[in-house]
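The structure appears below as structure tokens.
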Amino acid sequence: MNMTKRFQKVLALAAAGLLALGLAGCGGQQAAKDSSKTGGDKKAIVVATRGTAKPFSFTDDKGNLTGFDVEVLKEVEKRDPSLHFEFKPMSPDAAFVAMKSKQVDMIANQMRRNPTREKKYIYTKESNNYTARKLVVKEGRTDIQSFDDLVGKKVAITSNSEFNDLVKEFNKTHNPGIDPIYSDKGAAENLNLVATGRADAAGEYEYVVNVARKEQNLPVQAVGSVMQSVPTYFLLRKDPAMQTVADKIDKVLKQMKEDGTLKQISIKYLGKDYTVQPQ
């Protein structure tokens, strides 16, 4: 009887050991799968991008996030295997809050340099493209061609844009001045305000207007000459690790400019080469 009990105990211990090994094997296989999804030991660099701002970052018909900013970083990742980007769609204001709380590491949203941000964040040294901002009016309208024509008019403005700075400076020396309609929803909302007649004009990037006309059949048009053209950059959280990331991105961006890849991405998503400053 004692021998039988002892034999049963040995069998139970052996079975438990085999089960543990099996579970460990499954866990190891799952870990390997999870590791392959995140690029092995690479830590994902979390990138905030608007996700609703075509042609810079948007969701295509297949549900994939794409656009100029996104595809540039995908090409950077392809050329430098030490980098792995994970994109999180959010508004620019939310992105800065998330950056402060370290929920995101980087912003890809056509960021222009300004002194205040330069004290708090890291900018890439290499620009990714140049803006080409023009006045936008409802299709067929001819009374607005320049900034002076905006006096007394309602103009749709994104509050954190460089166009807002232009309007503020203009209003300092003009009375009456421009009547701003502020929006935090970006170009899509501004163009809709113009198309429906709720705003007389807006100041938006030429390529954004072209996309809205072509793909949404929005009755708006860019008029006059380029009012403003500034280089845009990727913005990163300020710490030594992210400075290393910025340096790596700069190295690849320089290569992409030299071999024409950045130009090709610009033509595909923005309609022409905006990697050089437009006249």
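Ligands are numbered from 1 in the order shown, residues from 1 within each chain, and chains are lettered A, B, ... in the order they appear in the structure tokens.
With only C-alpha atoms taken into account, the protein and nucleic acid residues at most 8 Å from Glu206 in chain A (excluding it and anything under 6 positions from it in its own chain) are A:Ala132, A:Arg133, A:Lys134, A:Ala222.
Put simply, CA of Ser127 in chain A is 10.5 Å away from CA of Ile249 in chain A.
For the pair CA of Asp247 in chain A and CA of Asp273 in chain A, the separation is 24.2 Å.
Between Val136 in chain A and the residues A:Ser161, A:Ser225, A:Thr124, A:Asn171, the shortest atom-to-atom distance, using only C-alpha atoms, involves A:Ser225.
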Q: Extract, using only C-alpha atoms, all DNA, RNA and protein residues at most 9 Å from range 61-65 of chain A, discarding same-chain residues fewer than 3 positions from it, and format them as number ranges by chain.
A: A: 51, 57-58, 70, 87, 89
**Q.** CA of Gln110 in chain A to CA of Lys138 in chain A, straight-line distance in Å
**A.** 25.2 Å
**Q.** Proximity to Asn190 in chain A - best of A:Glu118, A:Glu169, A:Asp239, A:Glu204, only C-alpha atoms
**A.** A:Glu204
Q: For each of A:Ala188, A:Asn128, A:Ala246, A:Met256, take the minimum atom-to-atom distance to Met106 in chain A, counting only C-alpha atoms, then give the residue where this is smallest.
A: A:Ala246
